[in-house]
Each structure stands twice: as C-alpha cells, then as structure tokens.
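What follows is the content of upload_18.cif, which has mmCIF, C-alpha atoms:
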```
data_structure
#
loop_
_atom_site.label_atom_id
_atom_site.label_comp_id
_atom_site.auth_asym_id
_atom_site.auth_seq_id
_atom_site.Cartn_x
_atom_site.Cartn_y
_atom_site.Cartn_z
CA MET A 61 -66.33 -18.18 72.27
CA ALA A 62 -68.10 -20.95 70.42
CA ASP A 63 -68.72 -18.63 67.49
CA ASN A 64 -65.00 -17.88 67.28
CA ASN A 65 -64.14 -21.56 67.28
CA SER A 66 -66.62 -22.28 64.49
CA ARG A 67 -65.13 -19.44 62.39
CA ALA A 68 -61.62 -20.80 62.89
CA GLU A 69 -62.82 -24.21 61.71
CA ASP A 70 -64.29 -22.63 58.55
CA VAL A 71 -60.93 -20.98 57.56
CA PRO A 72 -58.88 -23.50 55.54
CA VAL A 73 -55.41 -24.20 56.82
CA ARG A 74 -52.65 -23.60 54.20
CA THR A 75 -50.12 -26.32 53.80
CA GLU A 76 -46.59 -25.86 52.44
CA SER A 77 -47.59 -27.25 49.08
CA GLN A 78 -50.50 -24.87 48.83
CA ASN A 79 -48.27 -21.85 49.55
CA ILE A 80 -46.30 -22.30 46.34
CA GLN A 81 -49.46 -22.54 44.23
CA PRO A 82 -50.33 -19.37 42.31
CA LYS A 83 -53.33 -17.41 43.33
CA GLU A 84 -56.56 -17.99 41.55
CA SER A 85 -56.42 -14.48 40.05
CA SER A 86 -53.03 -15.13 38.49
CA ASP A 87 -54.37 -18.23 36.69
CA LEU A 88 -56.46 -15.88 34.52
CA ILE A 89 -55.16 -13.81 31.60
CA GLN A 90 -56.88 -10.94 29.88
CA SER A 91 -58.55 -11.88 26.62
CA SER A 92 -58.94 -9.61 23.61
CA GLN A 93 -62.70 -9.25 24.39
CA GLY A 94 -61.97 -7.92 27.87
CA GLY A 95 -62.86 -11.09 29.79
CA ASN A 96 -60.63 -13.40 31.75
CA VAL A 97 -59.70 -16.83 30.40
CA PRO A 98 -57.76 -19.52 32.22
CA MET A 99 -53.99 -19.73 31.56
CA PRO A 100 -53.07 -22.82 29.47
CA SER A 101 -50.85 -25.51 30.88
CA GLU A 102 -47.28 -26.10 29.72
CA THR A 103 -48.25 -28.89 27.31
CA GLU A 104 -51.04 -26.82 25.79
CA ALA A 105 -48.67 -23.84 25.39
CA LEU A 106 -46.10 -25.91 23.51
CA SER A 107 -48.73 -27.31 21.17
CA LEU A 108 -50.12 -23.83 20.48
CA LEU A 109 -46.60 -22.52 19.72
CA HIS A 110 -45.95 -25.37 17.29
CA GLU A 111 -49.25 -24.75 15.51
CA SER A 112 -48.58 -20.99 15.24
CA THR A 113 -45.11 -21.58 13.75
CA GLU A 114 -46.50 -23.90 11.11
CA SER A 115 -49.24 -21.41 10.26
CA ILE A 116 -46.78 -18.58 9.47
CA PRO A 117 -46.77 -18.09 5.71
CA ALA A 118 -43.43 -18.50 3.93
CA THR A 119 -41.83 -15.37 2.62
CA ASN A 120 -41.13 -15.02 -1.07
CA ALA A 121 -37.60 -14.54 -2.42
CA ILE A 122 -36.63 -13.31 -5.89
CA ASP A 123 -33.84 -15.18 -7.64
CA PRO A 124 -31.24 -12.57 -8.75
CA ILE A 125 -30.32 -14.65 -11.83
CA ASP A 126 -33.59 -15.56 -13.54
CA GLY A 127 -36.01 -13.38 -11.56
CA SER A 128 -38.18 -16.28 -10.43
CA ILE A 129 -40.12 -16.09 -7.16
CA SER A 130 -39.82 -18.97 -4.71
CA PRO A 131 -41.02 -19.40 -1.10
CA VAL A 132 -38.38 -19.22 1.60
CA LYS A 133 -38.86 -20.52 5.11
CA SER A 134 -37.99 -18.36 8.08
CA GLY A 135 -35.08 -20.62 9.08
CA ALA A 136 -33.45 -20.34 5.66
CA LEU A 137 -34.01 -16.58 5.66
CA SER A 138 -32.25 -16.23 8.99
CA ASP A 139 -29.24 -18.24 7.68
CA ASP A 140 -29.00 -15.92 4.67
CA VAL A 141 -29.11 -12.90 6.96
CA ILE A 142 -26.29 -14.33 9.07
CA GLN A 143 -24.15 -14.96 5.98
CA VAL A 144 -24.79 -11.44 4.66
CA GLY A 145 -23.83 -10.02 8.05
CA LYS A 146 -20.53 -11.87 8.07
CA LEU A 147 -19.77 -10.73 4.51
CA SER A 148 -20.60 -7.13 5.42
CA ARG A 149 -18.24 -7.22 8.42
CA LEU A 150 -15.45 -8.65 6.23
CA LEU A 151 -15.98 -5.97 3.59
CA ALA A 152 -15.97 -3.30 6.28
CA ILE A 153 -12.62 -4.55 7.62
CA LEU A 154 -11.12 -4.64 4.12
CA HIS A 155 -12.40 -1.15 3.40
CA GLN A 156 -10.92 0.16 6.62
CA ARG A 157 -7.46 -1.25 5.83
CA ARG A 158 -7.58 -0.65 2.07
CA GLY A 159 -4.56 1.66 2.28
CA LEU A 160 -2.23 -1.05 3.57
CA ILE A 161 -3.67 -3.54 1.10
CA LEU A 162 -2.87 -1.13 -1.74
CA VAL A 163 0.67 -0.62 -0.45
CA ILE A 164 1.35 -4.36 -0.28
CA ALA A 165 -0.07 -4.75 -3.79
CA GLY A 166 2.22 -1.94 -4.99
CA ALA A 167 5.25 -3.62 -3.39
CA LEU A 168 4.29 -6.89 -5.09
CA PHE A 169 4.03 -5.15 -8.49
CA PHE A 170 7.38 -3.42 -7.97
CA SER A 171 9.09 -6.72 -7.09
CA LEU A 172 7.65 -8.44 -10.17
CA ALA A 173 8.82 -5.50 -12.31
CA ASP A 174 12.32 -5.94 -10.85
CA VAL A 175 12.28 -9.61 -11.88
CA LEU A 176 11.44 -8.63 -15.47
CA MET A 177 14.12 -5.93 -15.37
CA ASP A 178 16.67 -8.55 -14.32
CA LEU A 179 15.68 -10.75 -17.26
CA LEU A 180 15.92 -7.82 -19.67
CA ALA A 181 19.34 -6.74 -18.41
CA GLU A 182 20.76 -10.16 -19.34
CA ASP A 183 19.79 -9.94 -23.02
CA MET A 184 19.69 -6.25 -24.02
CA ASN A 185 21.59 -3.02 -23.57
CA VAL A 186 20.37 -1.18 -20.46
CA PHE A 187 20.02 2.14 -22.28
CA GLN A 188 17.97 0.53 -25.03
CA VAL A 189 15.68 -1.00 -22.42
CA SER A 190 15.30 2.34 -20.62
CA CYS A 191 14.51 4.07 -23.93
CA ILE A 192 11.86 1.58 -25.07
CA THR A 193 10.20 1.20 -21.68
CA SER A 194 10.09 4.99 -21.36
CA ILE A 195 8.17 5.17 -24.65
CA PHE A 196 5.50 2.85 -23.24
CA ALA A 197 5.39 4.88 -20.01
CA ILE A 198 5.07 8.12 -22.01
CA LEU A 199 1.98 6.73 -23.75
CA LEU A 200 0.38 5.78 -20.44
CA SER A 201 1.24 9.10 -18.76
CA ALA A 202 0.12 11.16 -21.75
CA THR A 203 -3.21 9.30 -21.79
CA ILE A 204 -3.90 10.18 -18.14
CA VAL A 205 -2.75 13.79 -18.59
CA GLY A 206 -4.99 14.18 -21.66
CA ILE A 207 -8.05 12.58 -20.04
CA ARG A 208 -7.76 14.64 -16.86
CA ARG A 209 -6.68 17.76 -18.81
CA LEU A 210 -3.90 18.54 -16.39
CA ALA A 211 -2.13 21.89 -16.60
CA ARG A 212 1.19 21.92 -18.44
CA PRO A 213 4.36 23.37 -16.89
CA ARG A 214 4.71 27.16 -16.99
CA GLY A 215 7.73 29.35 -16.65
CA LYS A 216 11.42 28.75 -17.23
CA TYR A 217 12.01 27.64 -13.65
CA GLN A 218 9.50 24.78 -13.87
CA TRP A 219 10.87 23.57 -17.20
CA LEU A 220 14.46 23.63 -15.90
CA SER A 221 13.49 21.68 -12.79
CA LEU A 222 11.74 19.08 -14.96
CA LEU A 223 14.82 18.81 -17.17
CA PHE A 224 17.04 18.29 -14.12
CA SER A 225 14.80 15.62 -12.61
CA GLY A 226 14.55 13.90 -16.01
CA ILE A 227 18.35 13.71 -16.28
CA ILE A 228 18.56 12.15 -12.82
CA ALA A 229 15.83 9.64 -13.75
CA ALA A 230 17.79 8.78 -16.91
CA ILE A 231 20.75 7.92 -14.66
CA GLY A 232 18.80 6.04 -12.01
CA LEU A 233 16.96 3.53 -14.24
CA PRO A 234 20.07 2.17 -16.06
CA ALA A 235 21.96 2.10 -12.75
CA ALA A 236 19.22 -0.08 -11.27
CA MET A 237 19.45 -2.46 -14.21
CA LEU A 238 23.25 -2.61 -13.95
CA SER A 239 23.03 -3.46 -10.26
CA LEU A 240 20.81 -6.39 -11.17
CA THR A 241 23.43 -7.71 -13.60
CA TYR A 242 26.03 -7.94 -10.80
CA MET A 243 23.78 -8.96 -7.89
CA SER A 244 20.71 -11.06 -7.30
CA VAL A 245 17.26 -9.50 -7.21
CA GLY A 246 16.91 -9.56 -3.44
CA GLU A 247 20.36 -8.13 -2.76
CA SER A 248 19.94 -5.37 -5.35
CA ILE A 249 16.54 -4.28 -4.01
CA ALA A 250 17.87 -4.33 -0.44
CA VAL A 251 20.70 -1.96 -1.39
CA ILE A 252 18.38 0.31 -3.37
CA PHE A 253 16.17 0.54 -0.29
CA THR A 254 18.75 2.77 1.35
CA MET A 255 16.88 5.47 -0.61
CA PRO A 256 14.83 6.79 2.40
CA ILE A 257 18.10 7.57 4.21
CA PHE A 258 19.28 9.72 1.31
CA VAL A 259 15.83 11.34 1.14
CA ALA A 260 16.28 12.49 4.76
CA ILE A 261 19.76 13.84 3.98
CA PHE A 262 18.75 15.67 0.79
CA GLY A 263 15.57 16.95 2.46
CA CYS A 264 17.74 18.54 5.13
CA ILE A 265 19.99 20.14 2.50
CA PHE A 266 17.49 21.32 -0.12
CA LEU A 267 14.13 21.52 1.71
CA LYS A 268 15.51 22.74 5.07
CA GLU A 269 13.98 19.78 6.89
CA SER A 270 15.34 18.85 10.28
CA LEU A 271 17.89 16.02 10.42
CA LYS A 272 17.80 14.33 13.82
CA ALA A 273 20.38 12.17 15.54
CA PHE A 274 18.27 9.11 14.81
CA HIS A 275 18.73 9.69 11.10
CA VAL A 276 22.51 9.59 11.48
CA LEU A 277 22.21 6.28 13.30
CA PHE A 278 19.99 4.91 10.53
CA VAL A 279 22.51 6.02 7.90
CA ILE A 280 25.24 4.06 9.70
CA LEU A 281 23.01 0.98 10.00
CA SER A 282 22.01 1.10 6.35
CA PHE A 283 25.58 1.34 5.10
CA GLY A 284 26.50 -1.50 7.47
CA GLY A 285 23.80 -3.54 5.77
CA VAL A 286 25.20 -2.65 2.34
CA ILE A 287 28.67 -3.83 3.44
CA LEU A 288 27.25 -7.13 4.71
CA ILE A 289 25.48 -7.66 1.38
CA ALA A 290 28.51 -6.68 -0.73
CA GLN A 291 30.96 -8.63 1.49
CA PRO A 292 34.16 -7.01 0.16
CA GLU A 293 37.29 -9.16 0.23
CA PHE A 294 39.39 -6.63 2.14
CA ILE A 295 36.98 -6.94 5.10
CA PHE A 296 35.75 -10.53 5.00
CA GLY A 297 38.78 -12.11 3.30
CA GLY A 298 38.65 -14.78 0.61
CA ASP A 299 40.51 -16.19 -2.37
CA VAL A 300 39.01 -13.96 -5.08
CA ASP A 301 41.38 -12.06 -7.35
CA GLN A 302 41.35 -8.28 -7.83
CA LEU A 303 39.24 -8.36 -10.99
CA GLU A 304 36.56 -10.52 -9.39
CA GLU A 305 36.55 -8.32 -6.29
CA GLU A 306 36.00 -5.21 -8.40
CA THR A 307 33.16 -6.98 -10.19
CA LEU A 308 31.56 -7.92 -6.86
CA LEU A 309 31.74 -4.31 -5.72
CA LEU A 310 30.12 -2.95 -8.87
CA GLY A 311 26.69 -4.27 -7.93
CA PRO A 312 26.46 -2.49 -4.55
CA LEU A 313 27.94 0.68 -6.07
CA TYR A 314 25.31 0.74 -8.81
CA GLY A 315 22.63 0.04 -6.18
CA VAL A 316 23.75 2.96 -4.02
CA ALA A 317 23.89 5.19 -7.13
CA THR A 318 20.30 4.17 -7.89
CA ALA A 319 19.22 4.97 -4.34
CA VAL A 320 20.89 8.42 -4.53
CA ALA A 321 19.27 9.18 -7.89
CA PHE A 322 15.78 8.11 -6.81
CA ALA A 323 16.14 10.03 -3.54
CA LEU A 324 17.00 13.18 -5.47
CA ILE A 325 13.96 12.64 -7.70
CA ILE A 326 11.70 12.36 -4.64
CA VAL A 327 13.09 15.53 -3.06
CA ILE A 328 12.85 17.47 -6.33
CA SER A 329 9.31 16.17 -6.89
CA ARG A 330 8.28 17.50 -3.47
CA LYS A 331 9.49 20.92 -4.49
CA GLN A 332 7.85 20.67 -7.92
CA MET A 333 4.48 19.71 -6.44
CA THR A 334 4.59 22.83 -4.23
CA MET A 335 4.91 24.74 -7.51
CA GLY A 336 1.57 23.34 -8.72
CA LEU A 337 2.83 20.51 -10.98
CA ASN A 338 0.79 17.31 -11.01
CA VAL A 339 2.54 14.01 -10.35
CA PHE A 340 1.50 12.59 -13.74
CA VAL A 341 2.95 15.62 -15.50
CA LEU A 342 6.19 15.00 -13.61
CA MET A 343 6.17 11.35 -14.67
CA LEU A 344 5.52 12.29 -18.30
CA CYS A 345 8.41 14.77 -18.44
CA ASN A 346 10.82 12.44 -16.59
CA TYR A 347 10.06 9.57 -18.94
CA ALA A 348 10.47 11.84 -21.99
CA VAL A 349 13.94 13.00 -20.90
CA THR A 350 14.91 9.43 -19.98
CA CYS A 351 13.86 8.23 -23.43
CA ILE A 352 15.91 10.89 -25.22
CA ILE A 353 19.06 10.39 -23.13
CA GLY A 354 18.76 6.60 -23.34
CA ALA A 355 18.49 6.75 -27.15
CA ILE A 356 21.57 9.02 -27.40
CA LEU A 357 23.73 6.88 -25.10
CA CYS A 358 22.64 3.63 -26.77
CA THR A 359 23.55 5.09 -30.18
CA VAL A 360 26.96 6.25 -28.95
CA MET A 361 27.68 2.82 -27.46
CA ASN A 362 26.34 1.07 -30.59
CA GLY A 363 24.09 -0.99 -28.36
CA TRP A 364 20.95 -1.20 -30.49
CA SER A 365 19.67 -4.69 -31.21
CA ALA A 366 16.44 -6.26 -32.42
CA PRO A 367 14.47 -7.45 -29.38
CA SER A 368 12.90 -10.87 -29.53
CA GLY A 369 9.18 -11.40 -29.17
CA PHE A 370 9.62 -12.50 -25.57
CA SER A 371 11.75 -9.41 -24.82
CA TRP A 372 8.95 -7.19 -26.12
CA LEU A 373 6.51 -8.92 -23.76
CA GLU A 374 8.96 -8.45 -20.89
CA MET A 375 9.30 -4.72 -21.61
CA VAL A 376 5.54 -4.24 -21.85
CA GLY A 377 5.05 -6.20 -18.65
CA TYR A 378 7.76 -4.26 -16.83
CA THR A 379 6.29 -0.90 -17.85
CA SER A 380 2.75 -1.94 -16.94
CA LEU A 381 3.75 -3.31 -13.54
CA ASP A 382 5.96 -0.34 -12.66
CA PHE A 383 3.38 2.23 -13.77
CA THR A 384 0.54 0.42 -11.99
CA ALA A 385 2.60 0.16 -8.81
CA GLN A 386 3.22 3.92 -8.79
CA ILE A 387 -0.51 4.66 -9.19
CA VAL A 388 -1.40 2.15 -6.46
CA ILE A 389 1.07 3.77 -4.06
CA LEU A 390 -0.42 7.20 -4.83
CA MET A 391 -3.90 5.81 -4.08
CA ALA A 392 -2.62 4.39 -0.80
CA LEU A 393 -1.13 7.73 0.20
CA ALA A 394 -4.55 9.31 -0.29
CA VAL A 395 -6.19 7.10 2.36
CA GLU A 396 -3.32 6.05 4.64
CA ALA A 397 -0.65 7.80 6.67
CA ALA A 398 2.67 8.32 4.90
CA VAL A 399 4.56 6.60 7.74
CA LEU A 400 2.55 3.40 7.37
CA VAL A 401 2.98 3.50 3.59
CA SER A 402 6.76 3.86 3.96
CA LEU A 403 6.89 0.98 6.42
CA SER A 404 4.69 -1.33 4.37
CA ILE A 405 6.48 -0.74 1.07
CA THR A 406 9.59 -2.34 2.56
CA SER A 407 7.81 -5.66 1.98
CA GLU A 408 9.17 -5.36 -1.57
CA VAL A 409 12.48 -6.70 -0.24
CA ILE A 410 10.71 -9.77 1.13
CA PHE A 411 8.96 -10.39 -2.20
CA ALA A 412 12.28 -9.94 -4.03
CA PHE A 413 13.98 -12.64 -1.95
CA ILE A 414 10.99 -14.94 -2.53
CA TRP A 415 11.30 -14.55 -6.31
CA GLN A 416 15.08 -14.96 -6.02
CA ILE A 417 14.65 -18.33 -4.31
CA PHE A 418 11.74 -19.78 -6.30
CA ILE A 419 12.44 -18.31 -9.77
CA PHE A 420 16.21 -17.89 -10.01
CA LYS A 421 17.07 -20.69 -7.51
CA GLU A 422 19.56 -18.42 -5.72
CA TYR A 423 19.75 -18.76 -1.94
CA PRO A 424 21.12 -15.87 0.17
CA ASN A 425 23.67 -16.53 2.92
CA TRP A 426 23.22 -15.42 6.49
CA LEU A 427 25.32 -12.25 6.04
CA THR A 428 23.05 -11.11 3.22
CA ILE A 429 19.97 -11.74 5.34
CA VAL A 430 21.43 -9.80 8.29
CA GLY A 431 22.39 -6.92 5.99
CA SER A 432 18.89 -6.81 4.51
CA VAL A 433 17.36 -6.79 8.00
CA LEU A 434 19.60 -3.85 8.99
CA ILE A 435 18.47 -1.91 5.92
CA LEU A 436 14.80 -2.67 6.66
CA ILE A 437 15.26 -1.48 10.26
CA SER A 438 16.90 1.72 9.03
CA CYS A 439 14.12 2.43 6.52
CA SER A 440 11.41 1.71 9.09
CA GLY A 441 13.08 3.92 11.69
CA ALA A 442 13.53 6.75 9.20
CA ALA A 443 9.86 6.53 8.26
CA MET A 444 8.68 6.53 11.87
CA THR A 445 10.83 9.51 12.90
CA SER A 446 10.13 11.63 9.80
CA PRO A 447 7.15 14.01 9.53
CA ASN A 448 4.35 13.19 7.12
CA GLN A 449 4.71 16.51 5.34
CA PRO A 450 7.89 18.45 4.60
CA GLU A 451 8.41 21.59 6.60
CA GLN A 452 7.90 24.80 4.66
CA THR A 453 10.44 27.53 4.60
CA ASP A 454 9.58 31.15 5.40
CA SER A 455 9.82 32.12 1.74
CA GLU A 456 7.33 29.41 0.74
CA ILE A 457 4.90 30.51 3.44
CA ASP A 458 5.19 34.17 2.38
CA GLU A 459 4.70 33.21 -1.26
CA ARG A 460 1.57 31.21 -0.44
CA GLU A 461 0.15 34.06 1.65
CA ASN A 462 0.77 36.51 -1.19
CA ASN A 463 -0.99 34.19 -3.62
CA ASP A 464 -3.95 33.90 -1.25
CA ASP A 465 -4.12 37.71 -0.92
CA ASP A 466 -4.07 38.13 -4.70
CA ALA A 467 -6.83 35.54 -5.08
CA LEU A 468 -8.98 37.29 -2.49
CA SER A 469 -8.48 40.69 -4.13
CA GLU A 470 -9.56 39.27 -7.50
CA ASN A 471 -12.53 37.29 -6.10
CA PRO A 472 -13.61 38.80 -2.79
CA ASP A 473 -16.82 36.76 -2.72
CA GLU A 474 -14.87 33.49 -2.62
CA GLY A 475 -12.98 34.65 0.46
CA VAL A 476 -16.22 35.35 2.26
#
```

Take the structure in this file and express it as structure tokens.
Amino acid sequence: MADNNSRAEDVPVRTESQNIQPKESSDLIQSSQGGNVPMPSETEALSLLHESTESIPATNAIDPIDGSISPVKSGALSDDVIQVGKLSRLLAILHQRRGLILVIAGALFFSLADVLMDLLAEDMNVFQVSCITSIFAILLSATIVGIRRLARPRGKYQWLSLLFSGIIAAIGLPAAMLSLTYMSVGESIAVIFTMPIFVAIFGCIFLKESLKAFHVLFVILSFGGVILIAQPEFIFGGDVDQLEEETLLLGPLYGVATAVAFALIIVISRKQMTMGLNVFVLMLCNYAVTCIIGAILCTVMNGWSAPSGFSWLEMVGYTSLDFTAQIVILMALAVEAAVLVSLSITSEVIFAFIWQIFIFKEYPNWLTIVGSVLILISCSGAAMTSPNQPEQTDSEIDERENNDDDALSENPDEGV
C-alpha cells in the first residue's frame, strides 16, 4: 500500500494550464538531415520570414520599347499581372459581343451618311448626286470583286434579276434624298425604317414565307407611326393651306417609297444569293444601273451643275460611310444572330434624332417621338417573330438536291 502511495506521489498532477500546452513531441519538427529540431517561437518565425523575403532575388523584366533589362520586385510583378488579367477579361467581353458592337457602329455610319445626304440634297440635283456617288461605290465594289476574284453573273435569268434590282435601287436612293428635303433627318429615317414590315410582306408574296398575325399588327403600328410623324391637316387640323399640306405629305410619301424600294431589293437579293451570286457582285451591278439611270434622268431634267469642293468632299464621305456601314453589317451577321442585328440596327433612328438636334438645331415634337417609338416597336417585333433564314420552297429544295447529286456523280470521292 505504501508502494502505491509513493508511485502516486511520483506522477505529476496536470493542471488546466498544462493541459493546453502541446506535447513535447509536437514541439519538434523534422529537419532535412532526418533529426528533430525544436519548433521556433512566433517572434523567431516572423523574423525568419522577413529575412527570406528580402533574400529572394528580383526578377528581370525586358522593356518592350528599348529592350533594356531591369530588375522587378515581386510586388510590382504581381500588380502587372493583375492589370493584365483585367485587360484580358475586358478584351474577352468585347470579343464575345463584337457582333453587337459592329451593328451599332454600322448604324452610326448610316446615320452620318444620312446627314451628308441631307446636306447634298439642299445644293444639288438628287439624280446627279446618285450618279456621282454610284461611281465612287462602283470603284469600291469593283476593287473588292477583283481582289477576291468573285464569279460574275451567268445566264440570262441572273442578268435580268440584276437589272431589275438595279432599277429599284435607282428609284430608292433619289426617293430617300427627296424625303430628306421635305422632312428632318430623324423623321425621314423613322419613316424609312418601316422597311422590315414591307420585307415581311414581300417575303410572303415572292419567297413563300409565312406571314403571321403579329406581322399584320406591326404593319398597322408602323403606319400609325408614319401618320403621327406626317401629321396631316385633315386628321390633326391646323391653319395650313392646301399647297403647304401637300408639301408636308410629300416627305412621308417619299420615305414610304424608299422603304418599299429597299424592301424589294432585300427580298430580291435573298433570291439572288440562293442562285450563287455574291453580295459584292450584287452591289456592283446595282450601283452600275443606278449610275446609268441617274445620269439619264439628270440629263433629261437638265439638272447637271458643277459641284463645289465641299460638295465633292460630302459625296466622297457619304459613299465611304454608306459602303463601310454595309460591310460592317455583313461582318456582324457573320458572328451574331440576324434577330439581334435587326433589333440593334434600329439605333440608327436614335442617332438620327441626335444629329437633328445638335447639328441642324431642329427639335421634334411629342407626336413625332411617339410615332418614331411605334415604328421602332414594329421593327423590333417583326425581327423577333421572323425566322433567321427564309424558308425554301419545294422547287428550291429539289434543285439543290439535284445539284448535289450531279456533284457526287462527277466527284464520287468528295461525297465519301
């Protein structure tokens, strides 16, 4: 019993403070030589960390301008990495939405071209302007066709379709300029933007595309917007005489004629592209016919005049902006859905009203704004309810299948 008491006295009694102390074995860490060394205290660990950070050699950086090598500390290197990461994320976002950016840029170019067209229509004959600007566009289109070595039209049917579309283009461009002489830029562009409605109607007639009940509603809304913009005296009243009322109605009528002409060109171009014609070949032929018809009509009307130096700059600027806008829209269609492109291009109306206010100092009334909003809603609804690709008829499908069979019979290896 005594032995047990002596053993109990030899065993140390643990206090509460001793229980939270680490074991003696945990105070040792494994060294690189295999032995155990005591763990350093907190103060010693902080001093060792500070010494190790100062002992890290600085990395060398190459100046991209002069090629010199200079030391860079780790902190500065990490800041550069953070900045590069932010720039990369921004570039990735811009690349992802490049289609919409291109569409907005195209709408901006189109609106600026409309401003120059308005300035030209005040000083020169519209057919002379269409003839001269078509010559510049022919040079640009022919350059692209020659560089890319695009195939020329073949067959009487293709040539006749190109002649027909060229005649319609020769009507549409002067009509657009005449609408600008009787209306402001914003109002004229808003009326011309009834074009998608006519595209849906003509697509139903000529391309056998389906015309839904929504399209009929959008047609009614768009024409309601045109009436609000035109504000005829027999509806809204006023003290204008008959001659002034007829003059006020000429602008919307020319705008609607422009929308009809451009809608026909779009529908015909769809059909022509199914025949294998490139869009730049179509542009070249349309501009050539427009130039010839414009020269004939300007000669008949005795409308030729010597343009001033500023007018030449305006015509070159108009052609460059209009041609660039068409190419930008084509690039956007290659990377973005057609519905989004159609919706985004309506921003041209917004740009047109901005130029109208800040350049021409013309402020629209509330009826004009409401009418423009109705037209924008109609165009957006038509774009959202229309398919991205036109429906093919049975004859087109059979013709394509026959062409594929002929190609396989001539080159059986390619089919495999």

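Every protein, DNA or RNA residue with an atom at most 12 Å from Leu220 (chain A), where all atoms listed in the file count and chain neighbours fewer than 6 positions away do not, is listed here: Pro213, Arg214, Gly226, Ile227, Ile328, Gln332, Cys345, Asn346 and Val349 of chain A.
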
With a distance cut-off of 12 Å and all atoms listed in the file, select the neighbouring residues of Leu233 (chain A), excluding the residue or stretch itself and same-chain residues fewer than 3 positions from it, and output the selection as a ChimeraX atom specification. /A:174,177,181,186-191,193-194,226-230,236-240,252,314-315,317-322,325,346-347,349-351,353-354,382

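Selection result for the displayed file, with the PyMOL selection byres ((chain A and resi 153-160) around 6) as criterion, is Leu150, Leu151, Ala152, Ile161, Leu162, Val163, Ala392, Val395 and Glu396 of chain A.
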
For C-alpha atoms, I'd like the residues from the last selection saved as a short mmCIF file (atom, residue, chain, number, x, y, z; two decimals), in the frame of the given file.
```cif
data_model
loop_
_atom_site.label_atom_id
_atom_site.label_comp_id
_atom_site.auth_asym_id
_atom_site.auth_seq_id
_atom_site.Cartn_x
_atom_site.Cartn_y
_atom_site.Cartn_z
CA LEU A 150 -15.45 -8.65 6.23
CA LEU A 151 -15.98 -5.97 3.59
CA ALA A 152 -15.97 -3.30 6.28
CA ILE A 161 -3.67 -3.54 1.10
CA LEU A 162 -2.87 -1.13 -1.74
CA VAL A 163 0.67 -0.62 -0.45
CA ALA A 392 -2.62 4.39 -0.80
CA VAL A 395 -6.19 7.10 2.36
CA GLU A 396 -3.32 6.05 4.64
#
```

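Reported to one decimal place, the separation of CA of Ile289 (chain A) from CA of Phe170 (chain A) is 20.8 Å.
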
Give me, as a short mmCIF file (atom, residue, chain, number, x, y, z; two decimals) with C-alpha atoms, keeping the file's coordinate frame, all polymer residues having an atom no more than 10 Å from Leu310 (chain A), counting all atoms listed in the file and skipping those fewer than 6 positions away in the same chain.
```cif
data_model
loop_
_atom_site.label_atom_id
_atom_site.label_comp_id
_atom_site.auth_asym_id
_atom_site.auth_seq_id
_atom_site.Cartn_x
_atom_site.Cartn_y
_atom_site.Cartn_z
CA LEU A 238 23.25 -2.61 -13.95
CA SER A 239 23.03 -3.46 -10.26
CA THR A 241 23.43 -7.71 -13.60
CA TYR A 242 26.03 -7.94 -10.80
CA MET A 243 23.78 -8.96 -7.89
CA ALA A 290 28.51 -6.68 -0.73
CA GLU A 304 36.56 -10.52 -9.39
CA VAL A 316 23.75 2.96 -4.02
#
```

Figure out the distance between CA of Leu390 (chain A) and CA of Arg209 (chain A), please, to one decimal in Å. 18.6 Å

Is there a way to complete region 155-160 of chain A with all heavy atoms and then write that out as a JSON list (two decimals), keeping the file's coordinate frame?
```
[["chain", "number", "residue", "atom", "x", "y", "z"],
["A", 155, "HIS", "N", -12.31, -2.56, 3.77],
["A", 155, "HIS", "CA", -12.40, -1.15, 3.40],
["A", 155, "HIS", "C", -11.63, -0.26, 4.37],
["A", 155, "HIS", "O", -11.01, 0.73, 3.97],
["A", 155, "HIS", "CB", -13.87, -0.73, 3.35],
["A", 155, "HIS", "CG", -14.07, 0.71, 2.97],
["A", 155, "HIS", "ND1", -13.94, 1.17, 1.67],
["A", 155, "HIS", "CD2", -14.39, 1.79, 3.73],
["A", 155, "HIS", "CE1", -14.17, 2.46, 1.63],
["A", 155, "HIS", "NE2", -14.44, 2.87, 2.87],
["A", 156, "GLN", "N", -11.63, -0.64, 5.63],
["A", 156, "GLN", "CA", -10.92, 0.16, 6.62],
["A", 156, "GLN", "C", -9.41, 0.08, 6.43],
["A", 156, "GLN", "O", -8.71, 1.06, 6.65],
["A", 156, "GLN", "CB", -11.30, -0.33, 8.03],
["A", 156, "GLN", "CG", -10.68, 0.49, 9.16],
["A", 156, "GLN", "CD", -11.09, -0.04, 10.51],
["A", 156, "GLN", "OE1", -11.75, -1.07, 10.61],
["A", 156, "GLN", "NE2", -10.70, 0.66, 11.56],
["A", 157, "ARG", "N", -8.89, -1.06, 6.03],
["A", 157, "ARG", "CA", -7.46, -1.25, 5.83],
["A", 157, "ARG", "C", -7.08, -1.28, 4.36],
["A", 157, "ARG", "O", -6.08, -1.86, 3.96],
["A", 157, "ARG", "CB", -7.00, -2.55, 6.49],
["A", 157, "ARG", "CG", -7.42, -2.72, 7.93],
["A", 157, "ARG", "CD", -7.11, -1.49, 8.77],
["A", 157, "ARG", "NE", -5.70, -1.14, 8.75],
["A", 157, "ARG", "CZ", -5.21, -0.03, 9.28],
["A", 157, "ARG", "NH1", -6.03, 0.86, 9.85],
["A", 157, "ARG", "NH2", -3.92, 0.21, 9.24],
["A", 158, "ARG", "N", -7.85, -0.61, 3.50],
["A", 158, "ARG", "CA", -7.58, -0.65, 2.07],
["A", 158, "ARG", "C", -6.25, 0.03, 1.72],
["A", 158, "ARG", "O", -5.62, -0.33, 0.72],
["A", 158, "ARG", "CB", -8.73, 0.00, 1.30],
["A", 158, "ARG", "CG", -8.90, 1.50, 1.57],
["A", 158, "ARG", "CD", -10.19, 2.00, 0.95],
["A", 158, "ARG", "NE", -10.37, 3.43, 1.07],
["A", 158, "ARG", "CZ", -10.82, 4.04, 2.15],
["A", 158, "ARG", "NH1", -11.16, 3.31, 3.21],
["A", 158, "ARG", "NH2", -10.96, 5.35, 2.19],
["A", 159, "GLY", "N", -5.82, 0.99, 2.55],
["A", 159, "GLY", "CA", -4.56, 1.66, 2.28],
["A", 159, "GLY", "C", -3.38, 0.70, 2.36],
["A", 159, "GLY", "O", -2.53, 0.65, 1.46],
["A", 160, "LEU", "N", -3.32, -0.09, 3.42],
["A", 160, "LEU", "CA", -2.23, -1.05, 3.57],
["A", 160, "LEU", "C", -2.31, -2.15, 2.52],
["A", 160, "LEU", "O", -1.28, -2.64, 2.05],
["A", 160, "LEU", "CB", -2.26, -1.66, 4.97],
["A", 160, "LEU", "CG", -1.99, -0.69, 6.13],
["A", 160, "LEU", "CD1", -2.04, -1.43, 7.46],
["A", 160, "LEU", "CD2", -0.64, -0.02, 5.95]]
```
